[in-house]
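See structure below.
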Protein chains: 2
Amino acid sequence: MSGAVVCLSGGQDSSTCLFYAVRRYHPVHAVSFNYGQRHRVELECAAALAARAGIEQVVLPVDALSQLAGGSLTNPAIESRLDAAGTGHAYAERRGLPSSFVPGRNIIFLGLAAAYGIPRGLETLVAGVCSTDEAGYPDCRPEFVESLEQTIRIGMDCPEFAIDAPLLHLTKAGTWTLAEELGVVELIRTETHTCYEGERGALHAWGYGCGSCPACATRARGWAEYAALTKG
Amino acid sequence: MSGAVVCLSGGQDSSTCLFYAVRRYHPVHAVSFNYGQRHRVELECAAALAARAGIEQVVLPVDALSQLAGGSLTNPAIESRLDAAGTGHAYAERRGLPSSFVPGRNIIFLGLAAAYGIPRGLETLVAGVCSTDEAGYPDCRPEFVESLEQTIRIGMDCPEFAIDAPLLHLTKAGTWTLAEELGVVELIRTETHTCYEGERGALHAWGYGCGSCPACATRARGWAEYAALTKG
């Protein structure tokens, strides 16, 4: 079996990818990113899940992204020397993208994860990007994944490099079904964090969270669809 | 005129690009990176040159790259929690690449510069990548630049985005000729820094530096070729 690195945020998608990866590759390392995200509890979930899966995890600081973003996913308390009009947040608004869009995020995250993995012989990068997200992030589309894969192959001199994005065409219900196939539904339900508010909140059927932010709403809808299919 | 962001390290190549950019684009902003490079004097040169060109400059921290690299361009004093065998340095050796190769560097640098520029309407990225370098970095090849341009267009939802790499096919002598055309030879000669040792050293015909590291040797050779052409 060949090795892989998995981008692990601690959310539902990347955590499902973690358990997908440990079934399919060996060894697996997890790379997480500290970019001043408001929902820092994700990072705690990521560390706990990596430990539970018995794999190595590193957390890489990406301070530059915090400075650039200014989007709703980053901590408003971070003082930015950059002008607000030029932030990713303002750009997303002008382009009709969700305010949670951080320009460049997946180029940076996946680029750094590849830069971690390739020198260690972990030539597959498992990432939870999902093109069916209502958010419609441009850096979660299949053509982006394909283009970045090619760029990394050339730029890191590694023709064997591949991005495995098992959720790319799955709905959120499909992601729950995948978790079921992997035997980790309960773990994903209770040990991952999706809520934008960064609060664990109450335990709902679909997991912990505030229950009202867009991320919780999406997660709850996916769970409801999955539950309907399962019971049906 | 449309705006541009220039990746400015403070070395000969990127500094020549800075003066190329201010002739061709408006406004121009400079983005520099602090990644624990051993030759930190470059950053001082970058700030001075940006001030001299009268443009805005930001310095973005890229701590993750310091942790990952372990190559000869990064400070050996930085304590790394990552294993040495997996560093970019060791990878470069195995692949027959120069030890100064930092896997992922140009993906991260150019990706961050685009993430800074695009939201500000600076849709061209001017970068001093040069495919004729003896170093033969894979992330300085034309096919890399083309692939990354495409990846950024898709990932940041900006079809107008372009990478302008004026040095891509130039020899080092050609870069000096470009500086001459821009009227900045003396400035490039005395106010930029290339030496890997991070020392200003003595003032040679081609500029300051230790005079013996590979970077100084390349710079000196380029200057000699340029001087021969000029006098001939």
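Residues are referred to by chain and number: the chain letter is A, B, ... according to the order shown in the structure tokens, the number counts from 1 in that chain, and ligands are numbered separately from 1 in the order shown.
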* For chain B, list the residues within 8 Å of chain A, counting only C-alpha atoms, and write the list as a count of residues only. => 40
Would you list, as a tab-separated table (two decimals) with N, CA, C and O atoms, in the first residue's frame, the residues of region 125-220 of chain B that end up in helix (DSSP H, G or I) under DSSP run on this structure's backbone?
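Output saved as part.tsv:
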```tsv
chain	number	residue	atom	x	y	z
B	138	PRO	N	12.06	22.84	-10.32
B	138	PRO	CA	10.88	22.47	-11.13
B	138	PRO	C	9.77	23.52	-11.08
B	138	PRO	O	9.00	23.62	-12.04
B	139	ASP	N	9.71	24.29	-10.00
B	139	ASP	CA	8.64	25.29	-9.91
B	139	ASP	C	9.07	26.64	-10.50
B	139	ASP	O	8.53	27.70	-10.14
B	140	CYS	N	10.03	26.61	-11.42
B	140	CYS	CA	10.40	27.80	-12.19
B	140	CYS	C	10.30	27.53	-13.69
B	140	CYS	O	10.78	28.33	-14.48
B	142	PRO	N	8.35	26.98	-17.38
B	142	PRO	CA	7.19	27.59	-18.03
B	142	PRO	C	5.90	26.79	-17.82
B	142	PRO	O	4.84	27.37	-17.58
B	143	GLU	N	5.99	25.46	-17.88
B	143	GLU	CA	4.77	24.66	-17.74
B	143	GLU	C	4.20	24.74	-16.32
B	143	GLU	O	3.00	24.61	-16.12
B	144	PHE	N	5.07	24.99	-15.35
B	144	PHE	CA	4.58	25.20	-13.98
B	144	PHE	C	3.83	26.53	-13.89
B	144	PHE	O	2.73	26.59	-13.33
B	145	VAL	N	4.42	27.57	-14.44
B	145	VAL	CA	3.79	28.89	-14.37
B	145	VAL	C	2.42	28.86	-15.04
B	145	VAL	O	1.43	29.38	-14.51
B	146	GLU	N	2.36	28.19	-16.19
B	146	GLU	CA	1.10	28.09	-16.94
B	146	GLU	C	0.04	27.32	-16.14
B	146	GLU	O	-1.12	27.71	-16.07
B	147	SER	N	0.48	26.22	-15.54
B	147	SER	CA	-0.44	25.39	-14.79
B	147	SER	C	-0.95	26.11	-13.53
B	147	SER	O	-2.13	26.05	-13.19
B	148	LEU	N	-0.05	26.81	-12.85
B	148	LEU	CA	-0.45	27.53	-11.65
B	148	LEU	C	-1.40	28.69	-11.99
B	148	LEU	O	-2.37	28.94	-11.27
B	149	GLU	N	-1.12	29.36	-13.08
B	149	GLU	CA	-2.00	30.45	-13.53
B	149	GLU	C	-3.44	29.93	-13.70
B	149	GLU	O	-4.40	30.54	-13.22
B	150	GLN	N	-3.54	28.78	-14.36
B	150	GLN	CA	-4.84	28.16	-14.60
B	150	GLN	C	-5.51	27.77	-13.28
B	150	GLN	O	-6.70	28.01	-13.05
B	151	THR	N	-4.72	27.19	-12.38
B	151	THR	CA	-5.25	26.76	-11.08
B	151	THR	C	-5.79	27.96	-10.29
B	151	THR	O	-6.86	27.88	-9.67
B	152	ILE	N	-5.06	29.05	-10.32
B	152	ILE	CA	-5.49	30.24	-9.58
B	152	ILE	C	-6.73	30.86	-10.22
B	152	ILE	O	-7.65	31.28	-9.52
B	153	ARG	N	-6.77	30.91	-11.55
B	153	ARG	CA	-7.97	31.42	-12.23
B	153	ARG	C	-9.22	30.67	-11.78
B	153	ARG	O	-10.24	31.28	-11.47
B	154	ILE	N	-9.12	29.36	-11.76
B	154	ILE	CA	-10.27	28.55	-11.37
B	154	ILE	C	-10.55	28.71	-9.88
B	154	ILE	O	-11.68	28.98	-9.47
B	155	GLY	N	-9.52	28.55	-9.08
B	155	GLY	CA	-9.70	28.47	-7.62
B	155	GLY	C	-10.11	29.78	-6.98
B	155	GLY	O	-10.73	29.79	-5.93
B	172	LYS	N	20.88	35.26	-16.96
B	172	LYS	CA	21.20	36.28	-15.95
B	172	LYS	C	21.75	37.55	-16.62
B	172	LYS	O	21.48	38.67	-16.15
B	173	ALA	N	22.50	37.36	-17.70
B	173	ALA	CA	22.98	38.54	-18.44
B	173	ALA	C	21.79	39.31	-19.02
B	173	ALA	O	21.76	40.55	-19.00
B	174	GLY	N	20.80	38.57	-19.50
B	174	GLY	CA	19.59	39.19	-20.04
B	174	GLY	C	18.84	39.98	-18.98
B	174	GLY	O	18.23	41.02	-19.28
B	175	THR	N	18.86	39.49	-17.76
B	175	THR	CA	18.20	40.21	-16.66
B	175	THR	C	18.92	41.53	-16.38
B	175	THR	O	18.27	42.55	-16.11
B	176	TRP	N	20.25	41.53	-16.45
B	176	TRP	CA	20.99	42.78	-16.31
B	176	TRP	C	20.65	43.74	-17.45
B	176	TRP	O	20.51	44.96	-17.24
B	177	THR	N	20.50	43.19	-18.67
B	177	THR	CA	20.14	44.04	-19.82
B	177	THR	C	18.76	44.66	-19.61
B	177	THR	O	18.54	45.84	-19.93
B	178	LEU	N	17.84	43.86	-19.07
B	178	LEU	CA	16.50	44.40	-18.77
B	178	LEU	C	16.60	45.53	-17.74
B	178	LEU	O	15.96	46.58	-17.89
B	179	ALA	N	17.43	45.33	-16.72
B	179	ALA	CA	17.62	46.38	-15.71
B	179	ALA	C	18.18	47.65	-16.36
B	179	ALA	O	17.78	48.77	-15.99
B	180	GLU	N	19.06	47.46	-17.34
B	180	GLU	CA	19.62	48.61	-18.05
B	180	GLU	C	18.53	49.35	-18.81
B	180	GLU	O	18.43	50.59	-18.74
B	181	GLU	N	17.68	48.60	-19.50
B	181	GLU	CA	16.56	49.20	-20.23
B	181	GLU	C	15.65	49.98	-19.29
B	181	GLU	O	15.03	50.96	-19.69
B	185	VAL	N	20.23	49.66	-13.35
B	185	VAL	CA	21.37	48.76	-13.16
B	185	VAL	C	22.10	49.06	-11.85
B	185	VAL	O	22.39	48.14	-11.06
B	186	GLU	N	22.39	50.34	-11.61
B	186	GLU	CA	23.16	50.70	-10.43
B	186	GLU	C	22.41	50.34	-9.15
B	186	GLU	O	22.99	49.86	-8.17
B	187	LEU	N	21.10	50.59	-9.19
B	187	LEU	CA	20.24	50.25	-8.06
B	187	LEU	C	20.23	48.74	-7.81
B	187	LEU	O	20.38	48.27	-6.67
B	188	ILE	N	20.05	47.98	-8.85
B	188	ILE	CA	20.03	46.52	-8.73
B	188	ILE	C	21.41	46.02	-8.26
B	188	ILE	O	21.50	45.11	-7.43
B	189	ARG	N	22.44	46.62	-8.77
B	189	ARG	CA	23.79	46.19	-8.42
B	189	ARG	C	24.08	46.39	-6.93
B	189	ARG	O	24.63	45.51	-6.27
B	190	THR	N	23.66	47.54	-6.40
B	190	THR	CA	24.08	47.89	-5.04
B	190	THR	C	22.99	47.72	-3.96
B	190	THR	O	23.31	47.70	-2.78
B	191	GLU	N	21.73	47.62	-4.37
B	191	GLU	CA	20.65	47.62	-3.36
B	191	GLU	C	19.89	46.29	-3.27
B	191	GLU	O	18.89	46.21	-2.56
B	214	PRO	N	26.98	29.48	-4.24
B	214	PRO	CA	26.46	29.28	-5.60
B	214	PRO	C	25.67	30.50	-6.11
B	214	PRO	O	25.74	30.82	-7.30
B	215	ALA	N	24.95	31.16	-5.22
B	215	ALA	CA	24.14	32.31	-5.65
B	215	ALA	C	25.03	33.46	-6.10
B	215	ALA	O	24.79	34.11	-7.12
B	216	CYS	N	26.08	33.73	-5.32
B	216	CYS	CA	27.03	34.78	-5.71
B	216	CYS	C	27.73	34.41	-7.02
B	216	CYS	O	27.92	35.27	-7.89
B	217	ALA	N	28.12	33.15	-7.14
B	217	ALA	CA	28.82	32.70	-8.35
B	217	ALA	C	27.94	32.93	-9.58
B	217	ALA	O	28.40	33.44	-10.61
B	218	THR	N	26.66	32.56	-9.48
B	218	THR	CA	25.74	32.73	-10.60
B	218	THR	C	25.58	34.21	-10.93
B	218	THR	O	25.59	34.62	-12.10
B	219	ARG	N	25.41	35.03	-9.88
B	219	ARG	CA	25.24	36.46	-10.09
B	219	ARG	C	26.48	37.07	-10.75
B	219	ARG	O	26.37	37.88	-11.67
B	220	ALA	N	27.66	36.66	-10.28
B	220	ALA	CA	28.91	37.19	-10.82
B	220	ALA	C	29.08	36.79	-12.29
B	220	ALA	O	29.47	37.61	-13.13
```
* To do: Between CA of Thr171 (chain B) and CA of Gly209 (chain B), measure the distance and give it in Å to one decimal.
  => 20.1 Å
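The residue that comes closest to Asp133 (chain A), out of A:Gly222, A:Ile55, A:Glu197, A:Asp164 and on the basis of only C-alpha atoms, is A:Gly222.
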* Got a sec: who's within 12 Å of Ser2 (chain B), counting only C-alpha atoms, leaving out chain neighbours fewer than 6 positions off, as a PyMOL selection string? -> chain B and resi 21-29+117-118+120-125+160-162
Selected residues written out, C-alpha atoms, as a short mmCIF file (atom, residue, chain, number, x, y, z; two decimals), in the first residue's frame:
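So the final result, stored in selection-v8.cif, reads:
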```
data_model
loop_
_atom_site.label_atom_id
_atom_site.label_comp_id
_atom_site.auth_asym_id
_atom_site.auth_seq_id
_atom_site.Cartn_x
_atom_site.Cartn_y
_atom_site.Cartn_z
CA ALA B 21 6.13 46.19 -13.01
CA VAL B 22 5.97 49.89 -12.08
CA ARG B 23 6.61 50.75 -15.76
CA ARG B 24 3.84 48.50 -17.01
CA TYR B 25 1.12 48.40 -14.35
CA HIS B 26 -0.66 50.74 -11.99
CA PRO B 27 -1.09 50.48 -9.09
CA VAL B 28 1.63 48.04 -8.09
CA HIS B 29 1.86 46.47 -4.65
CA GLY B 117 -3.82 40.84 -5.14
CA ILE B 118 -7.04 39.50 -6.62
CA ARG B 120 -7.66 44.26 -4.41
CA GLY B 121 -8.20 44.27 -8.17
CA LEU B 122 -4.50 43.58 -8.82
CA GLU B 123 -5.16 40.82 -11.29
CA THR B 124 -1.66 40.42 -12.68
CA LEU B 125 1.04 38.74 -10.65
CA GLU B 160 -8.74 37.78 -15.72
CA PHE B 161 -5.85 36.62 -13.55
CA ALA B 162 -2.47 36.36 -15.28
#
```
* To do: Select, from B:Tyr35, B:Tyr196, B:Tyr208, B:Tyr226, the residue with the minimum atom-to-atom distance to Leu170 (chain B), counting only C-alpha atoms.
  =>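 Under the stated criterion, the closest residue is B:Tyr226.
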* CA of Ser14 (chain A) to CA of Gln57 (chain A), straight-line distance in Å ->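 Separation of CA of Gln57 (chain A) and CA of Ser14 (chain A): 13.4 Å.
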* Asked: Could you write out, as an MDAnalysis selection string, all the residues of region 84-228 of chain A that DSSP marks as strand (DSSP E or B)?
  -> chainID A and resid 124:126 162:164 201:204 207:209
* Suppose you want the space between CA of Ala48 (chain B) and CA of Thr192 (chain B); what is it in Å? ->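 Pair CA of Ala48 (chain B) / CA of Thr192 (chain B) returns 9.3 Å.
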